[in-house]
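Report on the structure given below.
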Amino acid sequence: MALYHTHRPQTFDSIIGQHHIIHTIQNQVIGGHPAHAYLFSGPRGIGKTTTARVLAKAVNCVNKNDTEANPCNNCVSCNEINAGMSIDVIEIDAASHTGVDNVRENIIDNAKFKPATSRYKVFIIDEVHMLSLSAFNALLKILEEPPGHVLFILATTELHKLPQTIQSRCQRFAFSRVSEATIIDTLRGIAKAENVAVDDSVLKRVAGKSEGCVRDAVSLLEQLIAAAGGAVTDESVSMVLPPSTSEEVTALLQSLFQKNAAACLSLIQRVSTEGIDIAIFCDEAITMLRTLLIYAYQKNISSEHDPRTIDWIESTQGSVSPIELVRLADMLSSRRGQVGTAPLAQLPLELLVIEWCDSQEARNEKENQGEEMLHRKPPIEAVEPRPTGAKASSPHPTILDQKNTGHSISSFSEADVRKAFDAAILAIEKESPSLVYILKSCRVEQVNNTSITVAVLSEFHRDRLADKRCKKQLQESFSDSLGTPGIELDFVVEKSEREVERINEITHLAAAFGGEVL
């Protein structure tokens with residue numbers, strides 16, 4: 001028999017991690033007034049069905065005292081329920097009995113008869129969310145007004161799939177995931193009962209992998225015991241659990257924080273060569289990012305981490321902002337979903353590294369170059385005297401070369417400025433086609449000493465052009481075309497009645513088709 005069957009709790013006191021629920025049910029049992037219908041919801045393997053069975057034993061136990069909630073597990077009723085042979089406790093798997101006929105035959109018709117040997121006839125309906133709508137409707141009446149000798153216990157992992165009419169007729173109890181510390185204590189007790197030595201580090205890994213599910217943790221421990229053939233150590237765990245280590249995860253994150261793409265790619269290659277599961281490696285990296293986020297605000301680190309990892313977490317604070325952690329966790333989660341379908345398992349993680357490191361470095365380098373160009377002073381050149389009565393020609397004249405001797409542009413005509421503006425558009429057409437499309441709809445509205453006001457059609461266009469990088473690119477191109485450095489551009493929304501009417505027409509047209517203008 002599997003360990004999770006052998007060590008299944010048989011009393012309320014032995015059920016772990018659900019004290020808030022057990023305390024309430026115990027008081028109802030002691031008072032002799034259990035609810036007519038219970039609804040247990042929560043993740044798998046955390047004690048819903050076990051609690052239902054213990055409750056069925058408690059309400060039918062012959063030897064139980066009035067001041068005691070736990071069943072005796074010695075009387076005929078308790079023994080029959082433990083053996084699954086009680087005719088008064090009916091367990092129904094709703095996943096395989098979904099139809100309305102099953103509900104009528106197994107529940108409604110059966111509930112009319114009094115229990116054969118027990119005080120209550122108990123119906124335990126597991127995975128109740130799998131019932132059909134017609135089956136739910138058939139269950140409504142008897143669930144609302146059941147006979148006095150009937151007790152319903154519904155269990156589900158997907159509460160949202162139950163109709164509200166069903167939920168409102170039951171006392172609802174939400175089971176929660178069991179903490180890692182509680183699972184570790186439980187696994188340690190099971191290992192002791194089975195006379196198997198298990199390292200504490202192994203118990204921590206098993207509890208972490210179970211994600212709060214006690215049944216999964218016990219099943220995994222049983223698998224490890226079978227694989228080890230004796231004492232369960234970290235070495236034997238590698239045969240069942242993937243050999244990912246926290247040191248490699250922290251090394252990857254540290255290189256990501258430093259934008260060191262080469263180090264990241266080298267580490268990923270090593271992890272892949274060693275046979276570490278990339279999906280689980282990504283999961284551990286995401287978990288570590290979550291730990292960093294929690295520590296940033298709560299200054300609390302789980303005891304599951306080894307001292308070296310704890311030191312790394314503490315030393316990392318301040319080197320990366322919480323917003324950056326959120327962005328990296330979001331990107332890593334997105335790439336994690338591609339691991340199973342990628343031609344190479346490590347490819348999504350490598351793409352993440354390039355996306356995070358190289359793109360960021362290139363963007364920073366470009367912005368730094370833009371800042372240098374913006375503040376760079378034009379070189380001072382010797383000016384030769386012009387011949388009398390003749391115009392000197394330049395081998396490479398600018399569009400307005402005759403007026404490029406100073407920063408003031410107020411002396412230029414609007415036509416000259418517009419001509420320079422068109423030249424600037426042509427200069428950046430290859431780099432930013434979408435930006436050129438917006439610029440072609442603009443017009444020069446006002447020329448000041450060192451700035452030019454450009455009218456745009458919409459606030460979207462204004463915000464797009466006012467973006468830091470776009471504005472730098474346009475100002476530099478405009479300054480080169482005009483031959484006057486340091487030009488500032490201001491963008492205002494053009495207030496044109498014709499354009500307002502045009503936008504309104506587009507808005508109405510989009511609304512007519514059920515859409516909206518963004």
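In the structure tokens, chains take letters A, B, ... by order of appearance, with residues numbered from 1 within each chain and ligands from 1 in the order shown.
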
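Near Thr49 in chain A, within a cut-off of 10 Å and counting only C-alpha atoms, sit the residues Phe40, Arg44, Gly45, Ile46, Gly47, Thr51, Ala52, Arg53, Val54, Leu55, Glu91, Ile124, Ile125, Asp126, Glu127, Ile153, Leu154, Ala155 and Thr156 of chain A, with same-chain residues fewer than 2 positions away left out.
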
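Neighbours of range 101-106 of chain A closer than or equal to 8 Å, with only C-alpha atoms counted and sequence neighbours fewer than 5 positions away skipped, come out as Ala135, Ala138 and Leu139 of chain A.
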
Distance query Gln171 in chain A at most 7 Å, only C-alpha atoms, self and fewer than 6 positions along chain excluded, as a PyMOL selection string: chain A and resi 37-39

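Counting only C-alpha atoms and comparing A:Ala420, A:Leu509, A:Val436, A:Ile21, the residue that lies closest to Gly483 in chain A is A:Ala420.
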
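Remark: for Ile225 in chain A, the closest of the candidate residues A:Val196, A:Ile184, A:Ala466, A:Ala285 is A:Val196 (distances computed over only C-alpha atoms).
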
Per-residue DSSP, range 117-256 of chain A, filtered to alpha helix (DSSP H), as a PyMOL selection string: chain A and resi 133-144+164-167+180-193+200-210+214-228+234-237+246-256

His23 in chain A environment, 12 Å, only C-alpha atoms, sequence neighbours closer than 4 positions dropped, as a PyMOL selection string: chain A and resi 12-13+15-19+27-30+51+69-70+173

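Atom to atom, CA of His461 in chain A and CA of His508 in chain A stand 20.5 Å apart.
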
Strand (DSSP E or B) per DSSP on the backbone: members of range 56-176 of chain A, as a PyMOL selection string: chain A and resi 89-93+121-126+150-156+171-174

Deliver the residues from the most recent selection as a file, using N, CA and C atoms, as a PDB file, in the first residue's frame.
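Output file result20.pdb is given in full below:
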ATOM      1  N   VAL A  89     -21.986   5.198   4.276  1.00  0.00           N
ATOM      2  CA  VAL A  89     -21.093   6.257   3.798  1.00  0.00           C
ATOM      3  C   VAL A  89     -20.820   5.977   2.316  1.00  0.00           C
ATOM      4  N   ILE A  90     -21.394   6.796   1.466  1.00  0.00           N
ATOM      5  CA  ILE A  90     -21.321   6.575   0.020  1.00  0.00           C
ATOM      6  C   ILE A  90     -20.388   7.616  -0.599  1.00  0.00           C
ATOM      7  N   GLU A  91     -19.287   7.142  -1.154  1.00  0.00           N
ATOM      8  CA  GLU A  91     -18.348   8.024  -1.847  1.00  0.00           C
ATOM      9  C   GLU A  91     -18.613   7.947  -3.341  1.00  0.00           C
ATOM     10  N   ILE A  92     -18.791   9.101  -3.983  1.00  0.00           N
ATOM     11  CA  ILE A  92     -19.112   9.164  -5.406  1.00  0.00           C
ATOM     12  C   ILE A  92     -18.064  10.017  -6.103  1.00  0.00           C
ATOM     13  N   ASP A  93     -17.501   9.465  -7.155  1.00  0.00           N
ATOM     14  CA  ASP A  93     -16.557  10.219  -7.985  1.00  0.00           C
ATOM     15  C   ASP A  93     -17.354  10.913  -9.083  1.00  0.00           C
ATOM     16  N   LYS A 121     -26.496   8.981   7.208  1.00  0.00           N
ATOM     17  CA  LYS A 121     -26.082   8.501   5.896  1.00  0.00           C
ATOM     18  C   LYS A 121     -25.314   9.641   5.240  1.00  0.00           C
ATOM     19  N   VAL A 122     -24.042   9.402   4.967  1.00  0.00           N
ATOM     20  CA  VAL A 122     -23.146  10.456   4.503  1.00  0.00           C
ATOM     21  C   VAL A 122     -22.817  10.233   3.034  1.00  0.00           C
ATOM     22  N   PHE A 123     -23.024  11.288   2.230  1.00  0.00           N
ATOM     23  CA  PHE A 123     -22.662  11.263   0.817  1.00  0.00           C
ATOM     24  C   PHE A 123     -21.429  12.155   0.612  1.00  0.00           C
ATOM     25  N   ILE A 124     -20.326  11.535   0.210  1.00  0.00           N
ATOM     26  CA  ILE A 124     -19.100  12.282  -0.099  1.00  0.00           C
ATOM     27  C   ILE A 124     -18.965  12.336  -1.624  1.00  0.00           C
ATOM     28  N   ILE A 125     -19.141  13.516  -2.203  1.00  0.00           N
ATOM     29  CA  ILE A 125     -19.090  13.682  -3.665  1.00  0.00           C
ATOM     30  C   ILE A 125     -17.787  14.385  -4.008  1.00  0.00           C
ATOM     31  N   ASP A 126     -16.838  13.621  -4.534  1.00  0.00           N
ATOM     32  CA  ASP A 126     -15.521  14.170  -4.866  1.00  0.00           C
ATOM     33  C   ASP A 126     -15.526  14.734  -6.287  1.00  0.00           C
ATOM     34  N   VAL A 150     -29.417  12.650   6.673  1.00  0.00           N
ATOM     35  CA  VAL A 150     -28.498  12.729   5.524  1.00  0.00           C
ATOM     36  C   VAL A 150     -27.501  13.866   5.734  1.00  0.00           C
ATOM     37  N   LEU A 151     -26.261  13.593   5.379  1.00  0.00           N
ATOM     38  CA  LEU A 151     -25.195  14.596   5.450  1.00  0.00           C
ATOM     39  C   LEU A 151     -24.440  14.588   4.119  1.00  0.00           C
ATOM     40  N   PHE A 152     -24.332  15.754   3.493  1.00  0.00           N
ATOM     41  CA  PHE A 152     -23.623  15.877   2.222  1.00  0.00           C
ATOM     42  C   PHE A 152     -22.263  16.552   2.451  1.00  0.00           C
ATOM     43  N   ILE A 153     -21.230  15.996   1.821  1.00  0.00           N
ATOM     44  CA  ILE A 153     -19.903  16.622   1.830  1.00  0.00           C
ATOM     45  C   ILE A 153     -19.416  16.675   0.386  1.00  0.00           C
ATOM     46  N   LEU A 154     -19.337  17.878  -0.156  1.00  0.00           N
ATOM     47  CA  LEU A 154     -18.880  18.079  -1.536  1.00  0.00           C
ATOM     48  C   LEU A 154     -17.432  18.547  -1.514  1.00  0.00           C
ATOM     49  N   ALA A 155     -16.629  18.017  -2.414  1.00  0.00           N
ATOM     50  CA  ALA A 155     -15.219  18.401  -2.500  1.00  0.00           C
ATOM     51  C   ALA A 155     -14.889  18.771  -3.942  1.00  0.00           C
ATOM     52  N   THR A 156     -14.113  19.849  -4.113  1.00  0.00           N
ATOM     53  CA  THR A 156     -13.762  20.297  -5.457  1.00  0.00           C
ATOM     54  C   THR A 156     -12.424  21.032  -5.446  1.00  0.00           C
ATOM     55  N   GLN A 171     -22.200  24.915   3.660  1.00  0.00           N
ATOM     56  CA  GLN A 171     -21.201  25.635   4.447  1.00  0.00           C
ATOM     57  C   GLN A 171     -19.862  25.458   3.740  1.00  0.00           C
ATOM     58  N   ARG A 172     -19.259  26.567   3.326  1.00  0.00           N
ATOM     59  CA  ARG A 172     -18.055  26.501   2.503  1.00  0.00           C
ATOM     60  C   ARG A 172     -16.798  26.626   3.363  1.00  0.00           C
ATOM     61  N   PHE A 173     -15.834  25.778   3.080  1.00  0.00           N
ATOM     62  CA  PHE A 173     -14.538  25.813   3.758  1.00  0.00           C
ATOM     63  C   PHE A 173     -13.446  25.764   2.694  1.00  0.00           C
ATOM     64  N   ALA A 174     -12.581  26.775   2.691  1.00  0.00           N
ATOM     65  CA  ALA A 174     -11.494  26.873   1.708  1.00  0.00           C
ATOM     66  C   ALA A 174     -10.209  26.313   2.317  1.00  0.00           C
TER      67      ALA A 174
END

Atom-to-atom span, CA of Pro71 in chain A and CA of Asn195 in chain A, Å: 27.8 Å

Selection: 12 Å around Asn79 in chain A, only C-alpha atoms, excl. self and same-chain fewer than 5 positions, as a PyMOL selection string: chain A and resi 10+53-54+56-58+60-62+71-74+84-86

Can you spit out the residues from that selection as a compact mmCIF listing (two decimals), in the first residue's frame, using N, CA and C atoms?
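Output file again.txt follows:
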# COMPACT_ATOMS: atom_id res chain seq x y z
N GLN A 10 -6.35 9.75 10.50
CA GLN A 10 -7.58 9.06 10.88
C GLN A 10 -8.37 9.82 11.93
N ARG A 53 -13.85 12.06 5.30
CA ARG A 53 -13.95 10.72 5.88
C ARG A 53 -13.90 10.76 7.41
N VAL A 54 -13.02 11.59 7.93
CA VAL A 54 -12.94 11.70 9.40
C VAL A 54 -14.24 12.26 9.95
N ALA A 56 -17.21 11.89 8.59
CA ALA A 56 -18.20 10.82 8.49
C ALA A 56 -18.05 9.84 9.66
N LYS A 57 -16.81 9.54 10.04
CA LYS A 57 -16.59 8.65 11.19
C LYS A 57 -17.02 9.32 12.48
N ALA A 58 -16.73 10.63 12.62
CA ALA A 58 -17.01 11.32 13.88
C ALA A 58 -18.51 11.39 14.17
N ASN A 60 -20.77 9.32 13.21
CA ASN A 60 -21.36 7.98 13.33
C ASN A 60 -20.66 7.12 14.36
N CYS A 61 -19.63 7.66 15.01
CA CYS A 61 -18.86 6.87 15.98
C CYS A 61 -19.72 6.53 17.19
N VAL A 62 -19.67 5.25 17.59
CA VAL A 62 -20.49 4.78 18.72
C VAL A 62 -19.83 5.07 20.05
N PRO A 71 -13.05 10.56 16.24
CA PRO A 71 -13.62 9.20 16.27
C PRO A 71 -12.68 8.24 16.98
N CYS A 72 -13.25 7.15 17.46
CA CYS A 72 -12.44 6.20 18.24
C CYS A 72 -11.60 5.28 17.36
N ASN A 73 -12.04 5.05 16.12
CA ASN A 73 -11.37 4.16 15.17
C ASN A 73 -11.31 2.72 15.64
N ASN A 74 -12.19 2.35 16.59
CA ASN A 74 -12.24 0.98 17.10
C ASN A 74 -13.62 0.35 16.98
N GLY A 84 -13.63 1.10 3.92
CA GLY A 84 -14.40 1.43 2.73
C GLY A 84 -15.56 0.51 2.49
N MET A 85 -16.12 -0.10 3.56
CA MET A 85 -17.18 -1.09 3.42
C MET A 85 -18.49 -0.64 4.04
N SER A 86 -18.57 0.57 4.53
CA SER A 86 -19.79 1.04 5.18
C SER A 86 -20.85 1.35 4.13

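Restricting the calculation to only C-alpha atoms, the smallest distance between Ser118 in chain A and any of A:Leu143, A:Glu505, A:Glu80, A:Thr98 is found for A:Glu80.
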
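Across A:Leu224, A:Leu131, A:Ala2, A:Leu325, the tightest approach to His97 in chain A is made by A:Leu131 when counting only C-alpha atoms.
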
Extract, using only C-alpha atoms, all DNA, RNA and protein residues at most 12 Å from Gly32 in chain A, discarding same-chain residues fewer than 6 positions from it, and format them as a PDB file with N, CA and C atoms, in the first residue's frame.
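Once written, selection-v4.pdb looks like this:
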ATOM      1  N   ILE A  25     -15.240  22.545  12.572  1.00  0.00           N
ATOM      2  CA  ILE A  25     -15.952  21.277  12.423  1.00  0.00           C
ATOM      3  C   ILE A  25     -15.974  20.505  13.746  1.00  0.00           C
ATOM      4  N   GLN A  26     -14.882  20.539  14.488  1.00  0.00           N
ATOM      5  CA  GLN A  26     -14.851  19.863  15.790  1.00  0.00           C
ATOM      6  C   GLN A  26     -15.905  20.428  16.722  1.00  0.00           C
ATOM      7  N   ALA A  58     -16.730  10.629  12.624  1.00  0.00           N
ATOM      8  CA  ALA A  58     -17.014  11.320  13.880  1.00  0.00           C
ATOM      9  C   ALA A  58     -18.510  11.392  14.170  1.00  0.00           C
ATOM     10  N   VAL A  59     -19.318  11.645  13.141  1.00  0.00           N
ATOM     11  CA  VAL A  59     -20.765  11.773  13.375  1.00  0.00           C
ATOM     12  C   VAL A  59     -21.436  10.420  13.570  1.00  0.00           C
ATOM     13  N   ASN A  60     -20.769   9.321  13.207  1.00  0.00           N
ATOM     14  CA  ASN A  60     -21.358   7.983  13.333  1.00  0.00           C
ATOM     15  C   ASN A  60     -20.657   7.115  14.364  1.00  0.00           C
ATOM     16  N   LYS A  64     -17.632   7.493  20.812  1.00  0.00           N
ATOM     17  CA  LYS A  64     -17.156   8.862  21.009  1.00  0.00           C
ATOM     18  C   LYS A  64     -17.914   9.528  22.162  1.00  0.00           C
ATOM     19  N   ASN A  65     -17.166  10.245  23.018  1.00  0.00           N
ATOM     20  CA  ASN A  65     -17.781  11.000  24.104  1.00  0.00           C
ATOM     21  C   ASN A  65     -18.406  12.275  23.568  1.00  0.00           C
ATOM     22  N   ASP A  66     -19.345  12.835  24.327  1.00  0.00           N
ATOM     23  CA  ASP A  66     -20.012  14.076  23.914  1.00  0.00           C
ATOM     24  C   ASP A  66     -19.052  15.260  23.922  1.00  0.00           C
ATOM     25  N   THR A  67     -17.971  15.154  24.700  1.00  0.00           N
ATOM     26  CA  THR A  67     -16.999  16.248  24.763  1.00  0.00           C
ATOM     27  C   THR A  67     -15.799  16.008  23.854  1.00  0.00           C
ATOM     28  N   GLU A  68     -15.862  14.984  23.038  1.00  0.00           N
ATOM     29  CA  GLU A  68     -14.761  14.607  22.170  1.00  0.00           C
ATOM     30  C   GLU A  68     -15.217  14.643  20.715  1.00  0.00           C
ATOM     31  N   ALA A  69     -14.379  15.211  19.850  1.00  0.00           N
ATOM     32  CA  ALA A  69     -14.726  15.289  18.431  1.00  0.00           C
ATOM     33  C   ALA A  69     -14.100  14.165  17.619  1.00  0.00           C
ATOM     34  N   ARG A 119     -25.878   6.496  12.450  1.00  0.00           N
ATOM     35  CA  ARG A 119     -26.762   7.615  12.776  1.00  0.00           C
ATOM     36  C   ARG A 119     -27.046   8.457  11.547  1.00  0.00           C
ATOM     37  N   TYR A 120     -26.020   8.679  10.731  1.00  0.00           N
ATOM     38  CA  TYR A 120     -26.168   9.495   9.524  1.00  0.00           C
ATOM     39  C   TYR A 120     -25.796   8.679   8.288  1.00  0.00           C
TER      40      TYR A 120
END

With range 339-351 of chain A as the partner and 9 Å as the cut-off, tabulate the residues of range 204-312 of chain A that qualify, each row holding the nearest pair of atoms and their distance in Å to one decimal, using only C-alpha atoms, sorted by chain and rising number, as a Markdown table.
| residue | atom | partner | partner_atom | distance |
| --- | --- | --- | --- | --- |
| A:Cys264 | CA | A:Glu350 | CA | 8.1 |
| A:Leu265 | CA | A:Glu350 | CA | 6.3 |
| A:Ile268 | CA | A:Gln346 | CA | 7.1 |
| A:Gln269 | CA | A:Gln346 | CA | 7.8 |
| A:Ser272 | CA | A:Gln346 | CA | 6.9 |
| A:Asp277 | CA | A:Ala345 | CA | 8.6 |
| A:Ile278 | CA | A:Gln346 | CA | 6.3 |
| A:Ala279 | CA | A:Val339 | CA | 6.3 |
| A:Cys282 | CA | A:Leu349 | CA | 7.9 |
